[in-house]
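Undergrad: Data file start_25.txt (compact mmCIF, C-alpha atoms and all ligand atoms) is appended below.
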```txt
# COMPACT_ATOMS: atom_id res chain seq x y z
CA MET A 1148 -11.62 -5.63 39.62
CA ARG A 1149 -15.31 -6.71 39.73
CA GLU A 1150 -17.87 -5.80 37.07
CA VAL A 1151 -20.20 -2.88 37.66
CA GLY A 1152 -23.72 -4.11 38.47
CA ARG A 1153 -26.91 -2.78 36.85
CA GLY A 1154 -27.91 -0.93 40.00
CA GLU A 1155 -24.55 0.75 40.17
CA LEU A 1156 -24.77 1.71 36.49
CA GLY A 1157 -28.01 3.57 37.26
CA MET A 1158 -26.26 5.10 40.23
CA ARG A 1159 -23.33 6.21 38.09
CA THR A 1160 -25.69 7.75 35.53
CA GLU A 1161 -27.36 9.69 38.30
CA MET A 1162 -24.02 10.83 39.62
CA GLU A 1163 -22.85 11.89 36.18
CA LYS A 1164 -25.91 14.08 35.71
CA GLY A 1165 -24.23 16.65 37.92
CA PRO A 1166 -24.18 19.10 39.52
CA GLN A 1167 -26.93 17.36 41.57
CA GLY A 1168 -25.17 15.30 44.23
CA LYS A 1169 -21.80 16.95 43.74
CA ARG A 1170 -20.39 20.44 43.74
CA GLU A 1171 -17.17 22.08 42.85
CA GLY A 1172 -14.70 22.25 45.65
CA GLY A 1173 -14.04 25.66 47.19
CA GLY A 1174 -10.79 27.64 47.45
CA ASN A 1175 -8.05 27.20 44.94
CA LYS A 1176 -8.55 23.49 44.71
CA ASP A 1177 -10.06 22.20 41.51
CA GLY A 1178 -12.34 19.23 42.21
CA TRP A 1179 -15.74 17.91 43.23
CA GLU A 1180 -17.26 16.99 46.48
CA TRP A 1181 -20.22 14.77 47.34
CA THR A 1182 -23.11 16.82 48.71
CA GLU A 1183 -25.14 13.94 50.02
CA THR A 1184 -23.01 13.49 53.13
CA ALA A 1185 -22.08 16.08 55.73
CA ASP A 1186 -18.37 15.55 55.26
CA GLY A 1187 -18.57 15.69 51.43
CA ILE A 1188 -17.03 12.25 51.11
CA TYR A 1189 -18.59 9.80 48.70
CA SER A 1190 -19.46 6.31 49.90
CA THR A 1191 -21.32 3.49 48.15
CA LYS A 1192 -23.85 3.44 50.98
CA SER A 1193 -24.67 7.12 50.59
CA ALA A 1194 -25.14 6.63 46.82
CA TYR A 1195 -27.52 3.70 47.45
CA ASP A 1196 -29.43 5.86 49.94
CA VAL A 1197 -29.83 8.52 47.23
CA ILE A 1198 -31.10 5.94 44.76
CA LYS A 1199 -33.56 4.59 47.31
CA SER A 1200 -34.83 8.00 48.36
CA ARG A 1201 -35.29 9.22 44.77
CA ASN A 1202 -36.82 5.96 43.63
CA ILE A 1203 -34.36 5.57 40.75
CA VAL A 1204 -35.25 2.19 39.33
CA ASN A 1205 -33.78 0.32 36.43
CA PRO A 1206 -36.66 -0.21 33.91
CA HIS A 1207 -35.38 -3.70 33.09
CA HIS A 1208 -35.70 -4.66 36.76
CA THR A 1209 -39.19 -3.18 36.96
CA ALA A 1210 -40.46 -5.19 33.97
CA ASP A 1211 -38.88 -8.34 35.34
CA LYS A 1212 -40.38 -7.74 38.77
CA ARG A 1213 -43.84 -7.16 37.30
CA ARG A 1214 -43.56 -10.30 35.18
CA MET A 1215 -42.54 -12.43 38.14
CA ALA A 1216 -45.27 -10.97 40.35
CA GLU A 1217 -47.81 -11.94 37.69
CA VAL A 1218 -46.50 -15.51 37.64
CA TRP A 1219 -46.91 -15.86 41.40
CA LYS A 1220 -50.38 -14.26 41.30
CA THR A 1221 -51.58 -16.78 38.73
CA PRO A 1222 -53.66 -19.58 40.24
CA ALA A 1223 -51.70 -22.71 39.30
CA PRO A 1224 -50.02 -25.58 41.13
CA HIS A 1225 -46.79 -24.52 42.77
CA LYS A 1226 -44.60 -26.94 40.78
CA ALA A 1227 -45.90 -25.46 37.50
CA ALA A 1228 -45.44 -21.85 38.67
CA VAL A 1229 -41.87 -22.63 39.76
CA THR A 1230 -41.09 -24.05 36.30
CA ALA A 1231 -42.50 -20.92 34.64
CA TRP A 1232 -40.56 -18.68 37.00
CA ARG A 1233 -37.33 -20.55 36.26
CA LEU A 1234 -38.02 -20.40 32.54
CA LEU A 1235 -38.67 -16.65 32.51
CA ARG A 1236 -35.43 -16.16 34.42
CA ASN A 1237 -33.65 -18.58 32.04
CA ARG A 1238 -32.72 -20.79 34.96
CA LEU A 1239 -33.90 -24.15 33.68
CA PRO A 1240 -31.09 -26.64 33.04
CA THR A 1241 -31.44 -26.61 29.26
CA CYS A 1242 -28.40 -27.85 27.34
CA ASP A 1243 -26.97 -24.38 26.69
CA ASN A 1244 -27.34 -23.47 30.36
CA LEU A 1245 -25.66 -26.72 31.42
CA GLU A 1246 -22.74 -25.84 29.16
CA LYS A 1247 -22.48 -22.42 30.76
CA ARG A 1248 -22.20 -24.25 34.09
CA ARG A 1249 -19.39 -26.33 32.58
CA VAL A 1250 -21.39 -29.53 32.46
CA LEU A 1251 -19.83 -31.41 29.57
CA LEU A 1252 -22.28 -32.82 27.06
CA ALA A 1253 -21.62 -34.86 23.94
CA ASP A 1254 -22.56 -33.01 20.75
CA GLU A 1255 -25.62 -35.22 20.14
CA ASP A 1256 -26.84 -34.60 23.70
CA LYS A 1257 -26.89 -30.83 23.20
CA LYS A 1258 -29.55 -31.03 20.53
CA CYS A 1259 -33.25 -30.46 21.07
CA HIS A 1260 -34.89 -33.84 21.80
CA GLN A 1261 -37.94 -32.85 19.75
CA CYS A 1262 -36.41 -31.90 16.38
CA ASN A 1263 -32.86 -33.12 16.85
CA GLU A 1264 -31.68 -30.21 14.72
CA HIS A 1265 -30.98 -27.23 16.93
CA ILE A 1266 -29.04 -26.76 20.14
CA GLU A 1267 -31.50 -26.86 23.02
CA THR A 1268 -31.98 -23.39 24.48
CA ALA A 1269 -35.00 -22.21 26.45
CA SER A 1270 -36.05 -19.98 23.60
CA HIS A 1271 -35.85 -22.86 21.10
CA LEU A 1272 -37.53 -25.48 23.26
CA PHE A 1273 -40.40 -23.28 24.46
CA THR A 1274 -41.09 -21.09 21.43
CA SER A 1275 -39.35 -21.74 18.11
CA CYS A 1276 -39.00 -25.55 17.82
CA THR A 1277 -41.35 -26.80 15.08
CA LYS A 1278 -43.13 -29.24 17.43
CA THR A 1279 -43.54 -26.54 20.07
CA GLN A 1280 -44.99 -24.19 17.47
CA GLU A 1281 -47.51 -26.85 16.48
CA ILE A 1282 -48.48 -27.15 20.13
CA TRP A 1283 -48.89 -23.38 20.57
CA ASP A 1284 -50.92 -23.20 17.35
CA GLU A 1285 -53.30 -25.84 18.70
CA ILE A 1286 -53.49 -24.14 22.09
CA GLN A 1287 -54.31 -20.80 20.46
CA LYS A 1288 -56.98 -22.44 18.33
CA TRP A 1289 -58.45 -24.04 21.42
CA CYS A 1290 -58.45 -20.78 23.38
CA GLY A 1291 -59.71 -18.86 20.33
CA MET A 1292 -56.92 -16.34 20.03
CA CYS A 1293 -54.68 -15.22 17.25
CA THR A 1294 -51.27 -13.77 18.02
CA ALA A 1295 -47.92 -13.50 16.28
CA ARG A 1296 -45.15 -15.90 17.22
CA PRO A 1297 -43.02 -14.00 19.69
CA PRO A 1298 -39.27 -14.67 19.46
CA SER A 1299 -38.61 -14.96 23.19
CA THR A 1300 -40.23 -16.69 26.14
CA THR A 1301 -40.75 -13.43 28.02
CA MET A 1302 -42.54 -11.83 25.05
CA HIS A 1303 -44.57 -15.00 24.61
CA TRP A 1304 -45.73 -14.84 28.22
CA GLU A 1305 -46.67 -11.17 27.96
CA MET A 1306 -48.55 -11.52 24.67
CA PHE A 1307 -50.41 -14.70 25.59
CA GLY A 1308 -51.86 -13.42 28.85
CA HIS A 1309 -52.77 -10.05 27.44
CA CYS A 1310 -55.06 -11.55 24.81
CA GLY A 1311 -57.74 -11.55 27.48
CA ARG A 1312 -59.69 -8.34 27.97
CA LYS A 1313 -61.15 -9.24 31.35
CA LYS A 1314 -58.95 -9.82 34.38
CA LYS A 1315 -60.30 -13.32 34.99
CA ILE A 1316 -59.69 -14.30 31.35
CA ARG A 1317 -56.11 -13.01 31.58
CA LYS A 1318 -55.68 -15.11 34.72
CA LEU A 1319 -57.02 -18.14 32.91
CA LEU A 1320 -54.69 -17.58 29.93
CA ASN A 1321 -51.75 -17.14 32.28
CA MET A 1322 -52.68 -20.40 33.97
CA ILE A 1323 -52.88 -22.18 30.60
CA TRP A 1324 -49.49 -20.73 29.58
CA ILE A 1325 -47.91 -21.86 32.84
CA GLY A 1326 -49.46 -25.31 32.35
CA CYS A 1327 -48.08 -25.54 28.81
CA VAL A 1328 -44.50 -24.61 29.69
CA TRP A 1329 -44.58 -26.90 32.71
CA MET A 1330 -45.75 -29.77 30.52
CA LEU A 1331 -43.26 -29.00 27.73
CA TRP A 1332 -40.51 -29.30 30.33
CA LYS A 1333 -42.06 -32.46 31.83
CA LYS A 1334 -42.34 -34.09 28.40
CA ARG A 1335 -38.77 -33.10 27.58
CA ASN A 1336 -37.55 -34.83 30.76
CA GLU A 1337 -39.70 -37.90 30.16
CA LYS A 1338 -38.22 -38.25 26.68
CA ILE A 1339 -34.62 -37.80 27.84
CA PHE A 1340 -34.73 -39.83 31.04
CA GLU A 1341 -37.46 -42.42 30.39
CA GLY A 1342 -37.55 -42.60 26.60
CA LYS A 1343 -41.30 -41.73 26.66
CA GLU A 1344 -42.67 -39.73 23.77
CA SER A 1345 -46.05 -38.14 23.15
CA THR A 1346 -47.67 -36.69 20.06
CA VAL A 1347 -48.95 -33.13 19.73
CA GLY A 1348 -52.52 -34.50 20.00
CA GLU A 1349 -51.74 -36.32 23.25
CA PHE A 1350 -50.05 -33.21 24.64
CA ILE A 1351 -53.12 -31.08 23.86
CA GLN A 1352 -55.53 -33.58 25.40
CA GLU A 1353 -53.45 -33.78 28.55
CA ILE A 1354 -53.09 -30.02 28.94
CA LYS A 1355 -56.84 -29.55 28.44
CA ALA A 1356 -57.62 -32.16 31.09
CA ARG A 1357 -55.12 -30.78 33.59
CA THR A 1358 -56.14 -27.13 33.19
CA TRP A 1359 -59.82 -28.09 33.43
CA GLY A 1360 -59.03 -29.63 36.81
CA TRP A 1361 -56.93 -26.63 37.87
CA ASN A 1362 -59.72 -24.24 36.93
CA ARG A 1363 -62.15 -26.18 39.10
CA THR A 1364 -59.66 -26.22 41.97
CA PHE A 1365 -58.80 -22.52 41.81
CA GLY A 1366 -62.19 -21.24 40.61
CA ILE A 1367 -60.86 -18.86 37.96
CA VAL A 1368 -63.73 -18.90 35.45
CA ASP A 1369 -67.08 -20.65 35.11
CA VAL A 1370 -66.35 -23.85 37.07
CA ALA A 1371 -69.70 -25.30 35.98
CA LEU A 1372 -68.34 -25.88 32.46
CA ASN A 1373 -68.23 -29.58 31.79
CA PHE A 1374 -65.22 -31.11 30.14
CA VAL A 1375 -66.87 -31.31 26.70
CA GLU A 1376 -67.54 -27.54 26.80
CA TRP A 1377 -64.04 -26.87 28.13
CA ASN A 1378 -62.53 -29.08 25.46
CA SER A 1379 -64.03 -27.35 22.39
CA ASN A 1380 -62.27 -24.65 20.41
CA GLU A 1381 -62.89 -20.92 20.99
CA LEU A 1382 -62.91 -21.41 24.76
CA ILE A 1383 -62.55 -17.71 25.56
CA SER A 1384 -65.56 -16.68 23.50
CA ARG A 1385 -67.77 -18.93 25.62
CA LEU A 1386 -66.52 -17.32 28.82
CA VAL A 1387 -67.11 -13.65 27.92
ZN ZN A 1401 -36.32 -28.47 18.43
```
Here is a file; write its structure as structure tokens.

TA:
Amino acid sequence: MREVGRGELGMRTEMEKGPQGKREGGGNKDGWEWTETADGIYSTKSAYDVIKSRNIVNPHHTADKRRMAEVWKTPAPHKAAVTAWRLLRNRLPTCDNLEKRRVLLADEDKKCHQCNEHIETASHLFTSCTKTQEIWDEIQKWCGMCTARPPSTTMHWEMFGHCGRKKKIRKLLNMIWIGCVWMLWKKRNEKIFEGKESTVGEFIQEIKARTWGWNRTFGIVDVALNFVEWNSNELISRLV
């Protein structure tokens, strides 16, 4: 027997609300019949049609959809947006995900390449690893924002972008976030496959240079800012 999907769960809830969608059978027979079809017989298709027509949507799906739409609307190079999209869907081949796909890894290969202490999961690598936290702290200082440290990548994405009050600032922050996660993943691969390592300072300099170029390409905020102005802390305050 297969598992019941989220959509079907919503459908079942709707069906259980009763008597909407079902009615007691007539005559002496004790039972229910499906009112959404002429013959009173339930079918999966008719239930899906009800869901569609009544716009019954799973809130989890809606939040996910909105999040993904925001990623694709953010002006950023495609390769970076794809990495962010995969991250927010937990589809990057981090060590824990490789294990789930039955890729066998030696115990030492499962550990985070940055701290060598914890098993590499997306949440650890992109939010809670000590080196990653240092990077985010520097990025926040540069942008001129102060937020808590969210425990998950999805919360991190939502909080980071929403620190901007104006639409264009939110777009810029989203672009910077996408750039950071793309580069965290790039640096992780460089370390694992090429043995290259970079310091937090080098990471920050590179992300500032890349996002400065992306901003000029996509024209998100004041493209006349020179790199020295772009580079200094409290970036957002200079753009308001
Ligand atoms: Zn770590």

Undergrad: Determine, for each residue of chain A having at least one atom at most 8 Å from an atom of ligand ZN 1401 (chain A), the closest pair of atoms and their separation in Å to one decimal, counting all atoms listed in the file; order by chain and ascending number, as CSV.

TA:
```
residue,atom,partner,partner_atom,distance
A:Lys1258,CA,A:ZN1401,ZN,7.5
A:Cys1259,CA,A:ZN1401,ZN,4.5
A:His1260,CA,A:ZN1401,ZN,6.5
A:Gln1261,CA,A:ZN1401,ZN,4.9
A:Cys1262,CA,A:ZN1401,ZN,4.0
A:Asn1263,CA,A:ZN1401,ZN,6.0
A:Glu1264,CA,A:ZN1401,ZN,6.2
A:His1265,CA,A:ZN1401,ZN,5.7
A:Ile1266,CA,A:ZN1401,ZN,7.7
A:Glu1267,CA,A:ZN1401,ZN,6.8
A:His1271,CA,A:ZN1401,ZN,6.2
A:Leu1272,CA,A:ZN1401,ZN,5.8
A:Ser1275,CA,A:ZN1401,ZN,7.4
A:Cys1276,CA,A:ZN1401,ZN,4.0
A:Thr1277,CA,A:ZN1401,ZN,6.3
A:Lys1278,CA,A:ZN1401,ZN,6.9
A:Thr1279,CA,A:ZN1401,ZN,7.7
```

Undergrad: Between A:Ile1325, A:Asp1211, A:Asp1256, A:Phe1307, single out the one closest to A:Phe1340, counting all atoms listed in the file.

TA: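 Result for the nearest residue to A:Phe1340: A:Asp1256.
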
Undergrad: How many Å separate atom CA of A:Cys1290 from atom CA of A:Gly1360?

TA: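 According to the coordinates, atom CA of A:Cys1290 and atom CA of A:Gly1360 are separated by 16.1 Å.
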
Undergrad: When distances are computed from all atoms listed in the file, which of A:Leu1331, A:His1303, A:Gly1291, A:Arg1238 shows the smallest separation from A:Asn1378?

TA: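 Smallest separation from A:Asn1378 among the options: A:Gly1291.
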
Undergrad: Report, in Å with one decimal, the straight-line distance from atom CA of A:Ser1299 to atom CA of A:Arg1214.

TA: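 According to the coordinates, atom CA of A:Ser1299 and atom CA of A:Arg1214 are separated by 13.8 Å.
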
Undergrad: Using Å and a single decimal, report how far atom CA of A:Lys1333 sits from atom CA of A:Glu1349.

TA: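 It comes out at 13.5 Å.
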
Undergrad: Hey, what's within 10 Å of A:Asp1243 if we count all atoms listed in the file and toss same-chain stuff fewer than 3 positions away? As a list of chain:residue names, please?

TA: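 Near A:Asp1243, the qualifying residues are A:Leu1239, A:Pro1240, A:Glu1246, A:Lys1247, A:Arg1248, A:Arg1249, A:Val1250, A:Leu1252, A:Lys1257, A:Lys1258, A:Ile1266, A:Glu1267, A:Thr1268, A:Ala1269.
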
Undergrad: Ranking A:Ser1379, A:Ser1270, A:Thr1301, A:Asn1362 by minimum distance to A:Gly1326 and counting only C-alpha atoms, which one comes first?

TA: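 Closest to A:Gly1326, using only C-alpha atoms: A:Asn1362.
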
Undergrad: Using all atoms listed in the file, which residues sit within 10 Å of A:Gly1311 once same-chain residues fewer than 5 positions away are excluded, as a ChimeraX atom specification?

TA: /A:1292,1306,1316-1321,1383,1387

Undergrad: May I ask which of the residues A:Leu1386, A:Ile1282, A:Met1322, A:Val1229 is the closest one to A:Ser1345, counting only C-alpha atoms?

TA: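 Of A:Leu1386, A:Ile1282, A:Met1322, A:Val1229, the one nearest A:Ser1345, counting only C-alpha atoms, is A:Ile1282.
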
Undergrad: Looking at A:Ile1286, A:Ala1210, A:Ala1216, A:Leu1245, which one is nearest to A:Lys1355, with distances taken over all atoms listed in the file?

TA: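 Looking at the shortest contact to A:Lys1355, the residue is A:Ile1286.
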
Undergrad: Would you please work out which residue, of A:Pro1298, A:Gln1280, A:Leu1234, A:Ala1371, is nearest to A:Trp1332 when using only C-alpha atoms?

TA: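 Using only C-alpha atoms, the shortest distance to A:Trp1332 belongs to A:Leu1234.
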